[in-house]
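Structure file final_32.cif with mmCIF, C-alpha atoms:
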data_entry
loop_
_atom_site.label_atom_id
_atom_site.label_comp_id
_atom_site.auth_asym_id
_atom_site.auth_seq_id
_atom_site.Cartn_x
_atom_site.Cartn_y
_atom_site.Cartn_z
CA MET C 1 -51.87 123.59 -176.77
CA THR C 2 -52.74 125.33 -180.02
CA THR C 3 -50.46 127.81 -181.69
CA ALA C 4 -53.27 129.46 -183.66
CA ALA C 5 -53.00 133.23 -183.93
CA ARG C 6 -54.96 135.17 -181.36
CA PRO C 7 -57.47 137.95 -182.22
CA SER C 8 -54.53 140.38 -182.26
CA GLY C 9 -53.07 138.34 -185.13
CA ILE C 10 -49.95 137.59 -183.11
CA PRO C 11 -49.49 133.88 -182.49
CA PRO C 12 -48.61 132.72 -178.98
CA MET C 13 -45.16 131.48 -178.15
CA PRO C 14 -44.81 127.69 -178.34
CA GLU C 15 -43.43 125.32 -175.73
CA ARG C 16 -39.80 126.21 -175.08
CA ASN C 17 -38.10 123.33 -176.89
CA PRO C 18 -36.56 122.96 -180.37
CA LYS C 19 -39.33 120.77 -181.81
CA ALA C 20 -42.18 123.07 -180.74
CA LEU C 21 -40.22 126.17 -181.74
CA ARG C 22 -39.52 124.72 -185.21
CA ALA C 23 -43.21 123.85 -185.66
CA ALA C 24 -44.26 127.39 -184.68
CA ILE C 25 -41.71 128.91 -187.06
CA ALA C 26 -42.92 126.62 -189.87
CA GLU C 27 -46.53 127.58 -189.24
CA HIS C 28 -46.29 131.31 -188.54
CA THR C 29 -42.95 132.61 -189.88
CA PRO C 30 -41.90 130.15 -192.60
CA ALA C 31 -39.35 132.58 -194.06
CA LEU C 32 -37.19 131.88 -190.98
CA LEU C 33 -37.31 128.10 -191.41
CA PRO C 34 -34.36 127.63 -193.81
CA ASP C 35 -32.06 129.62 -191.50
CA PHE C 36 -33.37 127.77 -188.43
CA ASP C 37 -32.78 124.38 -190.05
CA ALA C 38 -29.33 125.31 -191.36
CA HIS C 39 -28.29 126.66 -187.98
CA TRP C 40 -29.62 123.53 -186.23
CA LYS C 41 -27.74 121.27 -188.63
CA TRP C 42 -24.49 123.19 -188.20
CA ALA C 43 -24.65 123.91 -184.47
CA ILE C 44 -26.30 120.76 -183.16
CA ALA C 45 -26.78 117.89 -185.63
CA ASP C 46 -23.38 117.98 -187.33
CA ALA C 47 -21.63 118.74 -184.04
CA TYR C 48 -23.11 115.69 -182.28
CA ASP C 49 -23.21 117.79 -179.15
CA LEU C 50 -26.34 118.78 -177.24
CA ALA C 51 -24.56 121.29 -174.99
CA PRO C 52 -25.36 124.25 -177.30
CA VAL C 53 -29.11 123.46 -177.44
CA PRO C 54 -30.13 125.98 -174.71
CA ALA C 55 -28.23 128.80 -176.44
CA PHE C 56 -29.69 127.77 -179.80
CA VAL C 57 -33.23 127.81 -178.41
CA ALA C 58 -32.65 131.17 -176.71
CA GLN C 59 -31.46 132.75 -179.95
CA TRP C 60 -34.30 131.37 -182.08
CA TRP C 61 -36.84 132.04 -179.34
CA THR C 62 -36.03 135.72 -179.67
CA GLU C 63 -36.02 135.58 -183.49
CA PHE C 64 -39.47 133.98 -183.52
CA ALA C 65 -40.78 136.36 -180.85
CA LEU C 66 -39.81 139.26 -183.10
CA ALA C 67 -40.90 137.73 -186.41
CA ARG C 68 -44.37 136.76 -185.14
CA ASN C 69 -45.06 140.43 -184.35
CA PRO C 70 -44.56 142.41 -187.59
CA GLY C 71 -44.81 145.79 -185.86
CA LEU C 72 -42.13 144.97 -183.32
CA SER C 73 -39.95 143.38 -185.97
CA ARG C 74 -40.20 146.50 -188.18
CA THR C 75 -39.31 148.72 -185.24
CA VAL C 76 -36.21 146.70 -184.33
CA HIS C 77 -35.01 146.42 -187.92
CA ASP C 78 -35.64 150.14 -188.49
CA LEU C 79 -33.57 151.04 -185.43
CA GLU C 80 -30.75 148.78 -186.61
CA ALA C 81 -30.89 150.17 -190.15
CA ARG C 82 -30.86 153.75 -188.90
CA ALA C 83 -27.85 152.93 -186.71
CA GLY C 84 -26.04 151.64 -189.79
CA GLU C 85 -26.79 154.79 -191.75
CA THR C 86 -25.95 157.45 -189.20
CA THR C 87 -22.57 159.17 -189.17
CA SER C 88 -22.79 159.86 -185.45
CA SER C 89 -21.37 157.13 -183.26
CA SER C 90 -23.34 158.33 -180.24
CA GLU C 91 -26.60 158.23 -182.22
CA ALA C 92 -25.74 154.76 -183.57
CA LYS C 93 -25.04 153.55 -180.04
CA GLN C 94 -28.35 154.95 -178.81
CA LEU C 95 -30.30 153.33 -181.66
CA LEU C 96 -28.58 149.96 -181.17
CA THR C 97 -29.21 150.14 -177.43
CA GLN C 98 -32.93 150.63 -178.10
CA ALA C 99 -32.97 147.73 -180.57
CA ALA C 100 -31.09 145.48 -178.13
CA HIS C 101 -33.55 146.34 -175.36
CA LEU C 102 -36.50 145.38 -177.57
CA ARG C 103 -34.76 142.13 -178.55
CA ARG C 104 -34.11 141.28 -174.88
CA GLU C 105 -37.73 141.98 -173.97
CA ALA C 106 -38.98 139.86 -176.88
CA GLY C 107 -36.74 137.02 -175.70
CA LYS C 108 -38.50 137.06 -172.33
CA ALA C 109 -41.81 135.97 -173.91
CA GLU C 110 -43.39 133.09 -172.04
CA PRO C 111 -44.77 129.94 -173.71
CA PHE C 112 -48.38 130.16 -174.85
CA ARG C 113 -48.47 133.93 -174.45
CA GLN C 114 -48.51 136.72 -176.97
#
Could you write out this structure as structure tokens?
Amino acid sequence: MTTAARPSGIPPMPERNPKALRAAIAEHTPALLPDFDAHWKWAIADAYDLAPVPAFVAQWWTEFALARNPGLSRTVHDLEARAGETTSSSEAKQLLTQAAHLRREAGKAEPFRQ
């Protein structure tokens, strides 16, 4: 299956495995690749333990799902930045709740879909 960007410009999600996810990050969001590789090395390769692989994939699945969609990524980062700048704890909580919701929804993206 190809990971070429669709007419919307948003590439589809890859197969849900570390190799396919890394290839999609390298192709479509290369700025994330150094952090992905460093996290993999620390959490999986140097640990010699495959138990954390599902959690690793879930975290980076969401990161890629956001990064491949610049509009969504800007919205989430704007909400988080505004939460950090506000002096109202209730407003910060509301903004972070919105950002968390968008992150959760992005993490639900299915393979080969936008």
One decimal, in Å: what's the spacing between CA of Asp37 (chain C) and CA of Ala58 (chain C)? 15.0 Å
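CA of Gln59 (chain C) to CA of Ala99 (chain C) spans 15.1 Å [interatomic distance, one decimal].
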Picked residues, the PyMOL selection byres ((chain C and resi 15) around 10), as a PyMOL selection string: chain C and resi 1+3+12-14+16-21+24+110-112
Quick one: everything within 10 Å of Ala106 (chain C), counting all atoms listed in the file, minus sequence neighbours fewer than 3 positions away in the same chain. Send it as number ranges by chain. C: 61-67, 69, 72-73, 100-103, 109-110
Using all atoms listed in the file: which of C:Val57, C:Ala83, C:Ala31, C:Ile10 has the shortest distance to Ile44 (chain C):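 Under the stated criterion, the closest residue is C:Val57.
For the atom pair formed by CA of Glu27 (chain C) and CA of Arg74 (chain C), the distance is 20.0 Å, given to one decimal.
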Looking at C:Ala92, C:Arg22, C:His28, C:His39, which one is nearest to Phe56 (chain C), with distances taken over all atoms listed in the file?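 Among the listed residues, C:His39 lies closest to Phe56 (chain C).
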